Every structure is written in C-alpha cells, then in structure tokens.
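Peer 1: Below you will find the structure I want to go over with you.
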Amino acid sequence: MAAARVLSAWNRNARQLIWVRYFQTCSSVHVLKPKYVYFSGYPSFKYSHPHRSLKTTAVLHGQVVQFKLSDIGEGIREVTVKEWYVKEGDTVSQFDSICEVQSDKASVTITSRYDGVIKKLYYNLDEIAYVGKPLVDIETEALKVSEEDIVETPAVSHDEHTHQEIKGQKTLATPAVRRLAMENNIKLSEVVGSGKDGRILKEDILNYLAKQTGAILPPSPKAEIMLPPPKPKDRTIPIPISKPPVFTGKDRTEPLKGFQKAMVKTMTAALKIPHFGYCDEVDLTELIKFREELKPIAFARGIKLSFMPFFLKAASLGLLQFPILNASVDEACQNITYKASHNIGIAMDTEQGLIVPNVKNVQICSIFEVATELNRLQQLGSTGQLGTTDLTGGTFTLSNIGSIGGTYAKPVIVPPEVAIGAFGSIKALPRFNQKGEVYKAQIMNVSWSADHRVIDGATMSRFSNLWKSYLENPAFMLLDLK
C-alpha cells in the first residue's frame, strides 16, 4: 500500500515554502503533477504546470534487496565461500568486492552491483553457496538529492520514471590488495595500476597512500637476530621425568570441496583411458649454459627465466610435427579433433590443491613471452586467483614434479587430452661423450603417458626424440622457430 509523504522544498529565489504531495511505492518513486501548490504566506492558487528552479534536500528510507549469486559460467552450479571482504553493517559501492568463492575450476571474486549497507550474510566461511540463491542482503542507499543537484525541470507524470545506469570496468586486484585498500579507505577506481592489464599491485596502494598523506614510505625493517642468553657453567640441567604419551586425537570427516572435488571428477574420467608409458633421459648440460647466458637479459626485462619456457617451446615445436598429440577425442572415442592452438597446461602444486592452468598459443610465442605468462600464472596460482579462462582450454600438459623431488613418474592424462609428460629432478651424473671420455652431465628423466586408443608407441617415441634434441642442442630450436 502506497504511503503518502510530503516533500518540502525551499525556493531560494522566491524565499517561499512550497509543499508538493507525492506518492512512493515499494519499487519506485512516482511524482504526480500537483494541481495545487501552496506558497506559505501567500494565498493559494492553482498551478497546473510547475516549472521552477528548485534547490531541495529529500531523504527517503532505502530498500533491502537480495544480492543473488549469478551464473559464473562453465556450468558451475555451486561454489565454496572462501573469504568475506565485508561484514554486516559495512557500506559498499558498486564494483566493491563482496567475497571470494571457489568452484571446482577457479577462484572468483564477487563484486557488488549496488550502493548500500550490508544487512545480512547468508553463508559462513567454507559453506556451499548455490547459483541463483541469495548471497547477501543490501539496503540500497536512500534517495538523496543534494541542494546543488536540482536544475530547472518540469514535473514528472505518474506514468514516467527514470533510472540511472552506472557503467564501470572491473578493477583487477588480488584480495590482499583489495583488503589493504579497504583498511585505508581507498577507492580502487582512483588508483592507477602498474601491473599487467592495469592490475593494481600492493605498491600502487602504498604509493597512492603516500601521495595522499605526504608521507615517505620507510624501507621494510629487517628482523633483529636475538642471541640466546649464555648458560651458566655451573648450572645443572634437570633430567625430565618421562611420562607415557596420551593420544587424544579424534577422526574427522569432511566433504570434498573445490579443486579436490574437481580432481575426483577428472581422475575418474581418466581411469577410462588406456594409458601407456614411455620414459627417457635428457642431457641438459648445454641448455643450462644457454639459460645462464639469457638470465641477465631476462632479468633486465623483469622476467624470471626458468627451464619450463624451454620445455614448453620445444614441446610446441614437436607438436607441429606430430599434431595427433595435440588432439582430443569425444567421450565415446568416435571422433578426434586436431587442435590448432597449442594451449600447454602446467601442473601446479598450490595450497588449494593440484591445478593445471595453461599457456595459450605457445606456437606463436617467443621463449620470453612464454616465461612472462608462466610468471603470471604462478603468481595467481599461489594466491588462488586463477580465472576460469586460465584453467580451461588446455590441449597438452606438462608436469614438473622434479621441482619437488623424484626421478620417474606415471602421469595421468587430463581428459579430453591424449598425452601428458612429467619431468624428474635434474641430477649431475657421469656420462660418456663421443670420444669415450667421462664427463659430468646434467641429466633429467622424462616420463610420457599417451592414450593408446589413438597414439602408438612409435609416434610417442619419435616425438620424445625430437623434443629431446631441441633441449640437448638449444641452437636447433632456432632452425624451426617461426
């Protein structure tokens, strides 16, 4: 039921008080054309088309709306709430971060579509939120018209209503950076990002804060080393009385969530693939020397150059010669699709579990470009901020398990791909050169797995030999680079 209210406005030019009657419904405000306008201190008279330059101040109560979790794509219907950036009573603006959720594919930051006050949070941390269900309640800001915002306009009829659509671009920043900005009451829209694609970094927030306050940021203090007090020579050390240990731990059961849940689904599908393995060793002695020569150049460009960019580029050159390894099959294995792009996935071990982002279009990237993209993926993966685009669309996968340890592996194919490789750790071992002389070689073992329904052993062996030749003789890659 509509409630009648009275809006008072002061005409600064006429110095007269005007009373206008209007109605407000729950969904929108309708201003009726007033037939009578009463001027305080003057006789009443009819005024059918009011057209005045007014300066008014009106305050209306806000409306509580349910902010629902929208569809985030890839067929995802449920997510886990990993972190809240707001609490009940906080004031938010459009595009401010509300929370971080994690699906079985990626972590996503949810931003507000409204200006208002948080009235209710529907989920606790680590609870499951469902697409289409309420996430928070937001009391939208009351209709406030400042004294300087009213210009000369005709009255609006009851069948007319307007709204303002605020358009903006999503600000790229990690949760830690957003939290730092929130703690210092800094709007991310006012900060210029120095990262890739305008991403706002921690240093950008600190520099912005320093400019606002005029402060000079001090260097990070170094931790002082506290030496233990010297022990008295004549002090006797008491012998502890041994007591039998008492174990008080209890078993606990918890549901699989996020990436663990995704791993169950992916590996269950992988069990249907008939794997076959192929192993070999690679002498990386020359590649290590070549990388050491390029590291200063990469450092000058702000790039951390590891061995992985060389492994990926060599694999891409090999896939050009053996495109069946860069293919996919349908679930019934009745059709095979040869992929034009070499989107090579990299298995990463993170706090959230095993994830496999991929570097897009390696076939058209230089080694430095591959290294730059790897640095970006590793940074986002360590903070749990990889997007769905980074985690989908892979065509071939490599796993550097040797960075943790181990020599051999039995990698599992990621469906619908048909091949995967895993590298062991690099070890210094004695080997013979062409003259029969013993020399110190840097040896790495590689283990391949392939889908035996479409790939035979000879194809896998030829591909491995070509990939191996590129790494043992890095100059050979120059002959096939395009």
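Within each chain, counting starts at residue 1; across the structure tokens, chains are named A, B, ... in the order shown, with ligands numbered 1 upward in that order.
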Residues of segment 392-446 of chain A that have any atom at most 8 Å from an atom of segment 276-293 of chain A: could you tabulate them with the shortest-distance atom pair and the distance in Å to one decimal, using only C-alpha atoms, ordered by chain and increasing number, as JSON lines?
Peer 2:
```
{"residue": "A:Lys410", "atom": "CA", "partner": "A:Gly277", "partner_atom": "CA", "distance": 7.2}
{"residue": "A:Ala441", "atom": "CA", "partner": "A:Thr285", "partner_atom": "CA", "distance": 5.8}
{"residue": "A:Gln442", "atom": "CA", "partner": "A:Thr285", "partner_atom": "CA", "distance": 5.1}
{"residue": "A:Ile443", "atom": "CA", "partner": "A:Asp283", "partner_atom": "CA", "distance": 4.7}
{"residue": "A:Met444", "atom": "CA", "partner": "A:Val282", "partner_atom": "CA", "distance": 5.2}
{"residue": "A:Asn445", "atom": "CA", "partner": "A:Glu281", "partner_atom": "CA", "distance": 4.2}
{"residue": "A:Val446", "atom": "CA", "partner": "A:Asp280", "partner_atom": "CA", "distance": 5.5}
```
Peer 1: Using backbone DSSP assignments, extract all strand (DSSP E) residues from segment 235-451 of chain A; output them as a count of residues only.
Peer 2: 56
Peer 1: If I take atom CA of Leu188 of chain A and atom CA of Glu83 of chain A, how far is one from the other in Å, to one decimal?
Peer 2: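 Value for the atom CA of Leu188 of chain A-atom CA of Glu83 of chain A distance: 18.9 Å.
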Peer 1: Return the single residue from A:Val356, A:Ala475, A:Val108, A:Val101 that is closest to Ile413 of chain A, with distances computed using only C-alpha atoms.
Peer 2: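 Of A:Val356, A:Ala475, A:Val108, A:Val101, the one nearest Ile413 of chain A is A:Val356, counting only C-alpha atoms.
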Peer 1: Quick one: everything within 9 Å of Pro416 of chain A, counting only C-alpha atoms, minus sequence neighbours fewer than 3 positions away in the same chain. Send it as a list of chain:residue names.
Peer 2: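 In the requested format, the answer is A:Ala270, A:Ala327, A:Ser328, A:Val329, A:Asp330, A:Glu331, A:Thr395, A:Ile413.
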Peer 1: How far is it from atom CA of Val81 of chain A to atom CA of Arg179 of chain A, in Å with one decimal?
Peer 2: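 One can read the atom CA of Val81 of chain A to atom CA of Arg179 of chain A distance as 16.5 Å.
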Peer 1: So the first atom is atom CA of Glu369 of chain A and the second is atom CA of Leu466 of chain A; what is the distance between them in Å, to one decimal place?
Peer 2: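 Those two atoms sit 22.3 Å apart.
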Peer 1: Find the residue from A:Leu398, A:Leu125, A:Val117, A:Val414 that sits nearest to Lys82 of chain A; use only C-alpha atoms when measuring.
Peer 2: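 Smallest separation from Lys82 of chain A among the options: A:Leu125.
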